[in-house]
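With compact mmCIF, C-alpha atoms inside, this is start.txt:
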```txt
# COMPACT_ATOMS: atom_id res chain seq x y z
CA ASP A 1 61.66 -94.19 50.72
CA VAL A 2 62.66 -97.53 52.16
CA GLN A 3 59.65 -99.81 52.33
CA LEU A 4 59.21 -103.45 53.31
CA GLN A 5 56.00 -105.42 52.91
CA ALA A 6 55.76 -108.97 54.16
CA SER A 7 53.20 -111.41 52.80
CA GLY A 8 52.49 -115.11 52.63
CA GLY A 9 51.22 -115.73 56.13
CA GLY A 10 48.09 -117.66 56.91
CA LEU A 11 46.60 -120.60 58.74
CA VAL A 12 48.39 -123.93 58.43
CA GLN A 13 48.17 -127.24 60.25
CA PRO A 14 51.06 -128.56 62.35
CA GLY A 15 53.63 -130.16 60.09
CA GLY A 16 52.68 -127.91 57.21
CA SER A 17 54.68 -125.36 55.26
CA LEU A 18 54.46 -121.71 54.34
CA ARG A 19 56.62 -119.41 52.28
CA LEU A 20 56.87 -115.81 53.39
CA SER A 21 58.04 -113.08 51.06
CA CYS A 22 59.09 -109.53 51.80
CA ALA A 23 58.91 -107.06 48.94
CA ALA A 24 61.44 -104.28 49.25
CA SER A 25 61.49 -100.88 47.62
CA GLY A 26 63.82 -97.92 47.86
CA PHE A 27 66.90 -100.12 48.17
CA THR A 28 68.48 -103.31 46.83
CA VAL A 29 67.95 -106.42 48.95
CA GLY A 30 71.10 -108.05 47.64
CA HIS A 31 73.25 -105.19 48.88
CA ASN A 32 71.97 -105.36 52.45
CA THR A 33 71.94 -107.65 55.44
CA MET A 34 68.34 -108.68 55.96
CA SER A 35 66.50 -110.62 58.64
CA TRP A 36 63.23 -112.17 59.62
CA TYR A 37 61.94 -111.59 63.13
CA ARG A 38 58.80 -112.76 64.83
CA ARG A 39 56.64 -111.86 67.78
CA ARG A 40 54.76 -114.71 69.35
CA PRO A 41 51.62 -113.94 71.41
CA GLY A 42 52.66 -112.36 74.68
CA LYS A 43 56.36 -112.62 73.86
CA ALA A 44 59.08 -110.19 72.86
CA LEU A 45 60.29 -109.72 69.32
CA GLU A 46 62.89 -112.38 68.49
CA PRO A 47 65.22 -112.95 65.56
CA VAL A 48 64.48 -115.90 63.31
CA SER A 49 67.10 -115.82 60.58
CA THR A 50 69.60 -113.39 59.07
CA LEU A 51 71.22 -113.35 55.63
CA ASP A 52 74.13 -111.02 54.95
CA THR A 53 75.53 -109.64 51.72
CA ARG A 54 77.97 -112.57 51.37
CA GLY A 55 75.29 -115.23 51.63
CA ARG A 56 76.11 -116.12 55.21
CA ARG A 57 73.16 -117.19 57.33
CA ALA A 58 72.52 -117.06 61.04
CA ASP A 59 69.53 -118.98 62.37
CA ALA A 60 67.88 -119.05 65.76
CA ASP A 61 68.15 -122.37 67.55
CA PHE A 62 64.44 -123.05 67.18
CA VAL A 63 64.80 -122.99 63.38
CA LYS A 64 66.63 -126.36 63.57
CA GLY A 65 66.93 -126.65 59.82
CA ARG A 66 63.21 -126.18 59.26
CA PHE A 67 63.37 -122.65 57.87
CA THR A 68 65.43 -121.33 54.97
CA ILE A 69 66.06 -117.65 54.36
CA SER A 70 66.90 -116.48 50.85
CA LYS A 71 66.99 -113.46 48.61
CA ASP A 72 65.47 -113.17 45.17
CA ASN A 73 67.54 -110.47 43.54
CA ALA A 74 65.41 -110.42 40.40
CA LYS A 75 62.28 -109.68 42.40
CA ASN A 76 64.10 -107.72 45.12
CA THR A 77 62.52 -109.82 47.85
CA LEU A 78 63.59 -111.56 51.01
CA ASP A 79 61.93 -114.94 51.45
CA LEU A 80 61.50 -117.43 54.26
CA GLN A 81 60.57 -121.02 53.50
CA MET A 82 59.13 -122.59 56.63
CA ASN A 83 58.63 -126.35 56.86
CA ASN A 84 57.45 -128.68 59.58
CA LEU A 85 55.67 -125.88 61.39
CA THR A 86 54.53 -126.31 64.97
CA THR A 87 52.05 -124.42 67.12
CA GLU A 88 55.04 -122.69 68.72
CA ASP A 89 55.71 -120.98 65.38
CA THR A 90 52.44 -119.03 65.60
CA ALA A 91 53.51 -115.40 65.44
CA VAL A 92 53.58 -112.21 63.42
CA TYR A 93 56.63 -112.36 61.18
CA TYR A 94 58.51 -109.25 60.14
CA CYS A 95 61.30 -108.63 57.69
CA THR A 96 64.00 -106.11 58.45
CA LYS A 97 66.74 -104.23 56.68
CA ASP A 98 69.73 -104.38 58.99
CA SER A 99 72.33 -102.43 57.02
CA GLY A 100 72.63 -98.66 57.01
CA LEU A 101 69.27 -97.08 57.72
CA LYS A 102 67.51 -99.87 59.57
CA SER A 103 63.92 -100.52 58.76
CA ARG A 104 61.16 -102.97 59.60
CA GLY A 105 58.06 -103.56 57.58
CA GLN A 106 54.55 -104.54 58.53
CA GLY A 107 54.31 -108.12 59.58
CA THR A 108 52.38 -111.07 58.30
CA GLN A 109 50.42 -113.35 60.63
CA VAL A 110 51.30 -117.04 60.72
CA THR A 111 48.93 -119.27 62.66
CA VAL A 112 49.72 -122.94 63.13
CA SER A 113 46.72 -124.81 64.42
CA SER A 114 44.82 -128.01 63.87
```

Encoded form using structure tokens:
Amino acid sequence: DVQLQASGGGLVQPGGSLRLSCAASGFTVGHNTMSWYRRRPGKALEPVSTLDTRGRRADADFVKGRFTISKDNAKNTLDLQMNNLTTEDTAVYYCTKDSGLKSRGQGTQVTVSS
């Protein structure tokens, strides 16, 4: 079974950082295009960042160099380092497997508040 489990969310002050991690099972992260999405309160699901099998990244405009997506092949995880967070980044963050059988895991809540 393909499974994705995101973790690392929490409460952080504006300007702070968080590192999200998505543990994958049933497939190899390095062999798949993977993404992070988010759903802000009252908003539609939106893409945050995508990393393909060749290491090419595609970031949403709002990322503006603040977030970095990466894969840890040893741990079989997809990670998202988020720096300089703002209140607008408050959302539930999801990781997705975009290749072949698409899948989305349970999200992790990120709350940016003073």

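Between atom CA of Leu11 of chain A and atom CA of Asp52 of chain A lies a distance of 29.4 Å.
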
ask   = Which of these residues is nearest to Ser25 of chain A, using only C-alpha atoms: A:Thr50, A:Thr90, A:Gln13, A:Asn76?
value =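 Closest residue, counting only C-alpha atoms: A:Asn76.
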
Exercise: Thr77 of chain A partners within 12 Å, all atoms listed in the file, chain neighbours under 4 positions left out, as a ChimeraX atom specification = /A:3-7,20-32,34-35,69-73,95-97

ask   = Could you work out how far atom CA of Val48 of chain A lies from atom CA of Val92 of chain A, giving the answer in Å with one decimal?
value =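 These atoms are spaced 11.5 Å apart.
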
request  = Mind giving me the straight-line distance from atom CA of Thr87 of chain A to atom CA of Thr111 of chain A in Å, one decimal?
outcome  = 7.5 Å

task = Could you give me, as a list of chain:residue names, the residues within 12 Å of Ser17 of chain A, counting all atoms listed in the file and dropping anything in the same chain fewer than 2 positions from it?
result =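 Skipping anything fewer than 2 positions along the chain leaves A:Gly8, A:Gly9, A:Gly10, A:Leu11, A:Val12, A:Gln13, A:Pro14, A:Gly15, A:Arg19, A:Leu20, A:Arg66, A:Phe67, A:Thr68, A:Leu80, A:Gln81, A:Met82, A:Asn83, A:Asn84, A:Leu85, A:Thr86, A:Asp89, A:Val110, A:Thr111, A:Val112.
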
request  = Determine the nearest neighbour of Ser49 of chain A from the options A:Asp61, A:Gly105, A:Trp36, A:Lys75, counting all atoms listed in the file.
outcome  = A:Trp36

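Among the candidates A:Tyr37, A:Asp1, A:Ala44, A:Gly16, the one nearest to Gln109 of chain A when counting all atoms listed in the file is A:Tyr37.
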
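Nearest residue to Ala91 of chain A, choosing from A:Leu45, A:Ala58, A:Leu78, A:Val63 and counting all atoms listed in the file: A:Leu45.
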